[in-house]
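Asks: Sharing coords_3.txt (compact mmCIF, C-alpha atoms) below.
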# COMPACT_ATOMS: atom_id res chain seq x y z
CA MET A 24 0.00 0.00 0.00
CA ASN A 25 2.97 2.33 0.63
CA ASP A 26 4.05 1.88 -3.01
CA GLN A 27 0.72 3.03 -4.44
CA GLN A 28 0.27 6.38 -6.09
CA TRP A 29 -2.14 8.68 -4.32
CA TYR A 30 -4.13 11.66 -5.55
CA TYR A 31 -5.65 14.37 -3.40
CA GLU A 32 -7.85 17.41 -3.72
CA CYS A 33 -6.18 20.79 -3.47
CA ASN A 34 -8.22 23.98 -3.87
CA GLY A 35 -11.00 22.02 -5.56
CA GLU A 36 -8.65 20.39 -8.06
CA GLN A 37 -6.98 16.98 -8.32
CA ALA A 38 -3.32 16.92 -7.36
CA GLY A 39 -0.75 14.14 -7.46
CA PRO A 40 0.35 11.50 -7.88
CA ILE A 41 2.12 11.33 -4.52
CA SER A 42 3.29 8.56 -2.23
CA TRP A 43 1.70 7.74 1.11
CA ASP A 44 4.80 9.04 2.90
CA GLY A 45 4.37 12.24 0.90
CA LEU A 46 0.80 12.57 2.18
CA MET A 47 2.01 12.08 5.77
CA ALA A 48 4.65 14.73 5.24
CA GLY A 49 1.96 17.01 3.79
CA ILE A 50 -0.05 16.73 7.04
CA LYS A 51 2.98 17.84 9.04
CA MET A 52 3.50 20.79 6.71
CA GLY A 53 -0.18 21.72 6.72
CA LYS A 54 -0.69 21.13 2.99
CA VAL A 55 -3.33 18.44 3.63
CA THR A 56 -5.57 17.58 6.59
CA PRO A 57 -7.46 14.48 7.75
CA GLU A 58 -10.50 15.95 5.97
CA THR A 59 -8.70 16.15 2.62
CA ARG A 60 -10.25 13.78 0.07
CA VAL A 61 -7.82 11.29 -1.45
CA TRP A 62 -7.91 8.40 -3.92
CA ALA A 63 -5.71 5.44 -4.92
CA SER A 64 -6.30 2.49 -7.24
CA HIS A 65 -7.44 0.17 -4.42
CA LEU A 66 -10.24 2.58 -3.40
CA SER A 67 -13.67 2.49 -5.04
CA GLU A 68 -14.23 6.21 -4.46
CA TRP A 69 -12.65 9.35 -3.10
CA THR A 70 -12.26 9.05 0.70
CA SER A 71 -11.09 11.36 3.45
CA LEU A 72 -7.43 11.00 4.38
CA GLY A 73 -8.47 10.48 8.01
CA GLU A 74 -10.51 7.39 7.05
CA CYS A 75 -7.51 5.97 5.19
CA ILE A 76 -5.24 6.58 8.15
CA ARG A 77 -7.66 4.84 10.50
CA GLY A 78 -7.95 1.92 8.09
CA ARG A 79 -4.18 1.49 7.89
CA THR A 80 -3.82 1.68 11.71
CA SER A 81 -6.53 -0.90 12.41
CA SER A 82 -5.11 -3.32 9.82
CA SER A 83 -1.79 -3.41 11.71
CA ILE A 84 -3.47 -4.36 15.02
CA PRO A 85 -4.22 -8.11 15.54
CA SER A 86 -7.92 -8.92 15.67
CA GLN A 87 -9.47 -10.09 18.94
CA ASN A 88 -9.66 -13.64 17.58
CA GLN A 89 -5.94 -13.57 16.71
CA GLN A 90 -5.09 -12.31 20.19
CA GLN A 91 -7.20 -15.02 21.84
CA ALA A 92 -5.66 -17.70 19.61
CA ASN A 93 -2.17 -16.69 20.75
CA LEU A 94 -3.05 -16.32 24.42
CA PRO A 95 -3.23 -20.04 25.44
CA VAL A 96 0.24 -20.72 24.02
CA ARG A 97 1.75 -17.90 26.02
CA LYS A 98 -0.10 -19.00 29.16
CA ARG A 99 1.01 -22.61 28.80
CA TRP A 100 4.65 -21.63 28.43
CA SER A 101 4.36 -19.16 31.28
CA THR A 102 2.91 -21.87 33.54
CA LEU A 103 5.69 -24.31 32.67
CA HIS A 104 8.32 -21.71 33.38
CA TRP A 105 6.78 -20.91 36.76
CA ILE A 106 6.60 -24.59 37.67
CA GLY A 107 10.26 -25.08 36.73
CA ALA A 108 11.32 -22.02 38.71
CA GLY A 109 9.27 -23.19 41.71
CA LEU A 110 10.89 -26.63 41.70
CA ALA A 111 14.35 -25.08 41.49
CA ILE A 112 13.59 -22.85 44.47
CA LEU A 113 12.26 -25.80 46.49
CA ILE A 114 15.41 -27.79 45.79
CA LEU A 115 17.57 -24.88 46.91
CA LEU A 116 15.51 -24.55 50.07
CA PHE A 117 15.83 -28.27 50.82
CA VAL A 118 19.60 -28.09 50.47
CA GLY A 119 20.00 -24.75 52.21
CA PHE A 120 17.98 -25.72 55.30
CA GLY A 121 19.22 -29.28 55.60
CA PHE A 122 15.99 -30.96 54.49
CA ALA A 123 18.03 -32.80 51.85
CA ASP A 124 19.10 -35.13 54.67
CA GLY A 125 15.86 -36.97 54.00
CA PHE A 126 17.47 -38.18 50.76
CA SER A 127 20.66 -39.39 52.45
CA SER A 128 21.55 -43.08 52.38
CA LYS A 129 21.24 -45.17 55.52
CA ALA A 130 25.04 -45.22 55.89
CA GLU A 131 25.20 -41.40 55.64
CA LYS A 132 22.55 -40.99 58.32
CA ILE A 133 24.44 -43.32 60.65
CA VAL A 134 27.57 -41.16 60.36
CA LYS A 135 25.81 -37.79 60.46
CA ASN A 136 23.84 -38.72 63.57
CA GLY A 137 26.80 -40.41 65.25
CA HIS A 138 29.58 -39.11 67.52
CA PHE A 139 33.32 -39.48 67.84
CA ASN A 140 34.25 -41.28 71.09
CA THR A 141 36.26 -38.24 72.18
CA HIS A 142 33.52 -35.72 71.34
CA GLN A 143 29.96 -36.33 72.47
CA GLU A 144 28.90 -32.69 72.58
CA LYS A 145 27.51 -32.62 69.01
CA THR A 146 26.94 -35.00 66.14
CA ILE A 147 29.45 -35.51 63.37
CA GLY A 148 26.98 -34.01 60.89
CA LYS A 149 26.74 -30.84 62.95
CA ALA A 150 30.53 -30.64 63.45
CA VAL A 151 31.13 -31.08 59.71
CA ASN A 152 28.59 -28.40 58.78
CA ASP A 153 30.21 -25.97 61.23
CA PHE A 154 33.77 -26.71 60.10
CA PHE A 155 33.54 -27.32 56.33
CA GLY A 156 32.63 -24.85 53.65
CA SER A 157 29.69 -26.34 51.71
CA PRO A 158 30.35 -29.99 52.64
CA ARG A 159 29.48 -32.65 50.04
CA TRP A 160 28.39 -36.02 51.39
CA GLU A 161 28.76 -39.19 49.32
CA SER A 162 28.12 -42.86 49.99
CA GLY A 163 28.85 -46.09 48.16
CA THR A 164 30.37 -49.55 48.38
CA GLY A 165 34.09 -50.28 48.39
CA SER A 166 35.33 -52.13 45.32
CA ASP A 167 38.85 -53.20 46.22
CA GLY A 168 41.30 -53.90 49.02
CA GLU A 169 40.17 -53.91 52.63
CA THR A 170 37.03 -51.90 51.84
CA LYS A 171 35.69 -54.26 49.16
CA GLY A 172 31.97 -54.83 49.71
CA LYS A 173 31.81 -52.47 52.69
CA SER A 174 29.66 -49.37 52.97
CA LEU A 175 31.70 -46.17 52.64
CA VAL A 176 30.71 -42.61 53.49
CA SER A 177 32.81 -39.61 52.47
CA VAL A 178 32.51 -35.91 53.10
CA LYS A 179 34.47 -33.33 51.13
CA GLY A 180 34.80 -29.58 51.32
CA ARG A 181 37.04 -26.60 52.06
CA ILE A 182 38.48 -26.01 55.53
CA LYS A 183 40.93 -23.59 57.11
CA TYR A 184 44.26 -25.36 57.79
CA MET A 185 47.35 -23.47 59.01
CA ASP A 186 45.63 -20.22 58.00
CA LYS A 187 45.07 -21.47 54.45
CA ASP A 188 41.98 -22.71 52.63
CA VAL A 189 42.54 -26.34 51.66
CA ASP A 190 40.52 -29.28 50.32
CA ALA A 191 39.61 -31.82 52.98
CA HIS A 192 38.26 -35.35 52.62
CA ILE A 193 37.08 -37.62 55.44
CA GLN A 194 36.10 -41.22 54.81
CA PHE A 195 34.20 -43.60 57.09
CA VAL A 196 33.59 -47.34 56.92
CA VAL A 197 30.03 -48.10 58.06
CA ASN A 198 28.41 -51.26 59.37
CA GLU A 199 24.76 -50.73 58.49
CA THR A 200 23.68 -53.87 60.34
CA ASP A 201 24.62 -52.68 63.83
CA GLY A 202 24.74 -48.95 63.05
CA THR A 203 28.45 -48.50 63.87
CA PHE A 204 31.25 -46.86 61.91
CA GLU A 205 34.93 -46.01 62.07
CA LEU A 206 37.00 -43.22 60.56
CA ARG A 207 39.19 -44.69 57.82
CA ALA A 208 41.03 -41.65 56.41
CA PHE A 209 41.42 -37.89 56.64
CA GLU A 210 43.12 -36.21 53.67
CA ILE A 211 44.30 -32.64 53.16
CA ASN A 212 44.75 -31.67 49.51
CA GLU A 213 44.62 -35.43 48.72
CA ILE A 214 47.48 -36.16 51.14
CA PRO A 215 46.59 -38.81 53.79
CA GLN A 216 47.20 -37.61 57.36
CA ASN A 217 48.69 -39.73 60.15
CA LYS A 218 46.79 -40.60 63.33
CA ILE A 219 48.25 -37.69 65.31
CA MET A 220 47.21 -35.19 62.63
CA ILE A 221 43.77 -36.80 62.33
CA LEU A 222 43.20 -36.44 66.07
CA SER A 223 44.33 -32.82 65.89
CA LEU A 224 42.01 -32.07 62.99
CA ILE A 225 39.04 -33.70 64.72
CA ASN A 226 39.71 -31.62 67.85
CA LYS A 227 39.81 -28.55 65.61
CA MET A 228 36.38 -29.42 64.26
CA TYR A 229 34.91 -29.21 67.76
CA GLU A 230 36.52 -25.97 68.89
Just give me the structure as structure tokens.
Replies:
Amino acid sequence: MNDQQWYYECNGEQAGPISWDGLMAGIKMGKVTPETRVWASHLSEWTSLGECIRGRTSSSIPSQNQQQANLPVRKRWSTLHWIGAGLAILILLFVGFGFADGFSSKAEKIVKNGHFNTHQEKTIGKAVNDFFGSPRWESGTGSDGETKGKSLVSVKGRIKYMDKDVDAHIQFVVNETDGTFELRAFEINEIPQNKIMILSLINKMYE
């Protein structure tokens, strides 16, 4: 429609041809008004410029049926997005407030709820959470050596050691039948510590 040639009345006479953009520029310059009668090849008769402008504006706006047809798609996607975001928030809340313990294995729960013989004041789970930065608990079954077939529980995270942040790893061997366990290893930056250092590190956890 922009490419069509338009004619308009000026002082009672026909003027043109002129483009649609030329007509719009003419309104700004005061040469034509919305009441000016115009004609183009797609019109059956001379029509006011205002009517043509209104017709062009309404044709660019989606009909009510088109808007309603699009609406369910947008609502469905919006609902799915909200559900996904809600689930992500719930997972973060579970982890952040410790509710994720409900998903721990039996062996993990035995260790977390247990105590070291030398420290009965709080559980190992509480001591680890206080001492480690974002501890990660893992459980599984040993596959070789003295741990083959036994239940293993590990906790990893960052701790402060000699005024430095280091990676720490504690591993327990668990007897799920009688609910007992023993500390098998304590590593700092993947270096196994001796019994004296392990005792010192455990004492540090409970300070």
Asks: To one decimal place in Å, what is the distance between atom CA of A:Arg79 and atom CA of A:Asn34?
Replies: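 Separation between atom CA of A:Arg79 and atom CA of A:Asn34: 25.7 Å.
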Asks: Could you check the closest approach to A:Lys129 for each of A:Pro158, A:Gly45, A:Gly35, A:Gly202 and tell me which residue wins, using only C-alpha atoms?
Replies: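 Closest to A:Lys129, using only C-alpha atoms: A:Gly202.
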Asks: So what do you get for atom CA of A:Lys227 versus atom CA of A:Phe204, distance-wise?
Replies: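 Those two atoms sit 20.5 Å apart.
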Asks: Between A:Val176, A:Val55, A:Val151, A:Cys75, single out the one closest to A:Val134, counting all atoms listed in the file.
Replies: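 The closest residue to A:Val134 is A:Val176.
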Asks: Using all atoms listed in the file, which of A:Thr203, A:Thr170, A:Ser64, A:Asn152 sits nearest A:Ile133?
Replies: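 Among the listed residues, the smallest separation from A:Ile133 belongs to A:Thr203.
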Asks: What gap, in Å, lies between atom CA of A:Ser177 and atom CA of A:Trp160?
Replies: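 These two atoms are separated by 5.8 Å.
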Asks: Choose the residue, out of A:Met185, A:Asp167, A:Pro57, A:His138, that has the smallest atom-to-atom separation from A:Leu206; count only C-alpha atoms.
Replies: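 Smallest distance to A:Leu206 is found for A:His138.
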Asks: For a cut-off of 12 Å around (-11.2, 18.6, -4.4), file coordinates, pick out all residues using only C-alpha atoms and list them as number ranges by chain.
Replies: A: 30-39, 55, 58-62, 69-71
Asks: Next, dump the selected residues to file, keeping only C-alpha atoms, as a PDB file, keeping the file's coordinate frame.
Replies:
ATOM      1  CA  TYR A  30      -4.130  11.660  -5.550  1.00  0.00           C
ATOM      2  CA  TYR A  31      -5.650  14.370  -3.400  1.00  0.00           C
ATOM      3  CA  GLU A  32      -7.850  17.410  -3.720  1.00  0.00           C
ATOM      4  CA  CYS A  33      -6.180  20.790  -3.470  1.00  0.00           C
ATOM      5  CA  ASN A  34      -8.220  23.980  -3.870  1.00  0.00           C
ATOM      6  CA  GLY A  35     -11.000  22.020  -5.560  1.00  0.00           C
ATOM      7  CA  GLU A  36      -8.650  20.390  -8.060  1.00  0.00           C
ATOM      8  CA  GLN A  37      -6.980  16.980  -8.320  1.00  0.00           C
ATOM      9  CA  ALA A  38      -3.320  16.920  -7.360  1.00  0.00           C
ATOM     10  CA  GLY A  39      -0.750  14.140  -7.460  1.00  0.00           C
ATOM     11  CA  VAL A  55      -3.330  18.440   3.630  1.00  0.00           C
ATOM     12  CA  GLU A  58     -10.500  15.950   5.970  1.00  0.00           C
ATOM     13  CA  THR A  59      -8.700  16.150   2.620  1.00  0.00           C
ATOM     14  CA  ARG A  60     -10.250  13.780   0.070  1.00  0.00           C
ATOM     15  CA  VAL A  61      -7.820  11.290  -1.450  1.00  0.00           C
ATOM     16  CA  TRP A  62      -7.910   8.400  -3.920  1.00  0.00           C
ATOM     17  CA  TRP A  69     -12.650   9.350  -3.100  1.00  0.00           C
ATOM     18  CA  THR A  70     -12.260   9.050   0.700  1.00  0.00           C
ATOM     19  CA  SER A  71     -11.090  11.360   3.450  1.00  0.00           C
TER      20      SER A  71
END
Asks: Around all of stretch 154-166 of chain A's listed atoms, make the axis-aligned box with 3 Å on each side and tell me centre and edge lengths in Å to one decimal, as JSON.
Replies:
{"center_x": 31.7, "center_y": -38.5, "center_z": 52.7, "size_x": 13.2, "size_y": 33.3, "size_z": 20.8}
Asks: Could you pull stretch 117-199 of chain A out of the block above and save it with C-alpha atoms, as a short mmCIF file (atom, residue, chain, number, x, y, z; two decimals), in the first residue's frame?
Replies:
data_model
loop_
_atom_site.label_atom_id
_atom_site.label_comp_id
_atom_site.auth_asym_id
_atom_site.auth_seq_id
_atom_site.Cartn_x
_atom_site.Cartn_y
_atom_site.Cartn_z
CA PHE A 117 15.83 -28.27 50.82
CA VAL A 118 19.60 -28.09 50.47
CA GLY A 119 20.00 -24.75 52.21
CA PHE A 120 17.98 -25.72 55.30
CA GLY A 121 19.22 -29.28 55.60
CA PHE A 122 15.99 -30.96 54.49
CA ALA A 123 18.03 -32.80 51.85
CA ASP A 124 19.10 -35.13 54.67
CA GLY A 125 15.86 -36.97 54.00
CA PHE A 126 17.47 -38.18 50.76
CA SER A 127 20.66 -39.39 52.45
CA SER A 128 21.55 -43.08 52.38
CA LYS A 129 21.24 -45.17 55.52
CA ALA A 130 25.04 -45.22 55.89
CA GLU A 131 25.20 -41.40 55.64
CA LYS A 132 22.55 -40.99 58.32
CA ILE A 133 24.44 -43.32 60.65
CA VAL A 134 27.57 -41.16 60.36
CA LYS A 135 25.81 -37.79 60.46
CA ASN A 136 23.84 -38.72 63.57
CA GLY A 137 26.80 -40.41 65.25
CA HIS A 138 29.58 -39.11 67.52
CA PHE A 139 33.32 -39.48 67.84
CA ASN A 140 34.25 -41.28 71.09
CA THR A 141 36.26 -38.24 72.18
CA HIS A 142 33.52 -35.72 71.34
CA GLN A 143 29.96 -36.33 72.47
CA GLU A 144 28.90 -32.69 72.58
CA LYS A 145 27.51 -32.62 69.01
CA THR A 146 26.94 -35.00 66.14
CA ILE A 147 29.45 -35.51 63.37
CA GLY A 148 26.98 -34.01 60.89
CA LYS A 149 26.74 -30.84 62.95
CA ALA A 150 30.53 -30.64 63.45
CA VAL A 151 31.13 -31.08 59.71
CA ASN A 152 28.59 -28.40 58.78
CA ASP A 153 30.21 -25.97 61.23
CA PHE A 154 33.77 -26.71 60.10
CA PHE A 155 33.54 -27.32 56.33
CA GLY A 156 32.63 -24.85 53.65
CA SER A 157 29.69 -26.34 51.71
CA PRO A 158 30.35 -29.99 52.64
CA ARG A 159 29.48 -32.65 50.04
CA TRP A 160 28.39 -36.02 51.39
CA GLU A 161 28.76 -39.19 49.32
CA SER A 162 28.12 -42.86 49.99
CA GLY A 163 28.85 -46.09 48.16
CA THR A 164 30.37 -49.55 48.38
CA GLY A 165 34.09 -50.28 48.39
CA SER A 166 35.33 -52.13 45.32
CA ASP A 167 38.85 -53.20 46.22
CA GLY A 168 41.30 -53.90 49.02
CA GLU A 169 40.17 -53.91 52.63
CA THR A 170 37.03 -51.90 51.84
CA LYS A 171 35.69 -54.26 49.16
CA GLY A 172 31.97 -54.83 49.71
CA LYS A 173 31.81 -52.47 52.69
CA SER A 174 29.66 -49.37 52.97
CA LEU A 175 31.70 -46.17 52.64
CA VAL A 176 30.71 -42.61 53.49
CA SER A 177 32.81 -39.61 52.47
CA VAL A 178 32.51 -35.91 53.10
CA LYS A 179 34.47 -33.33 51.13
CA GLY A 180 34.80 -29.58 51.32
CA ARG A 181 37.04 -26.60 52.06
CA ILE A 182 38.48 -26.01 55.53
CA LYS A 183 40.93 -23.59 57.11
CA TYR A 184 44.26 -25.36 57.79
CA MET A 185 47.35 -23.47 59.01
CA ASP A 186 45.63 -20.22 58.00
CA LYS A 187 45.07 -21.47 54.45
CA ASP A 188 41.98 -22.71 52.63
CA VAL A 189 42.54 -26.34 51.66
CA ASP A 190 40.52 -29.28 50.32
CA ALA A 191 39.61 -31.82 52.98
CA HIS A 192 38.26 -35.35 52.62
CA ILE A 193 37.08 -37.62 55.44
CA GLN A 194 36.10 -41.22 54.81
CA PHE A 195 34.20 -43.60 57.09
CA VAL A 196 33.59 -47.34 56.92
CA VAL A 197 30.03 -48.10 58.06
CA ASN A 198 28.41 -51.26 59.37
CA GLU A 199 24.76 -50.73 58.49
#
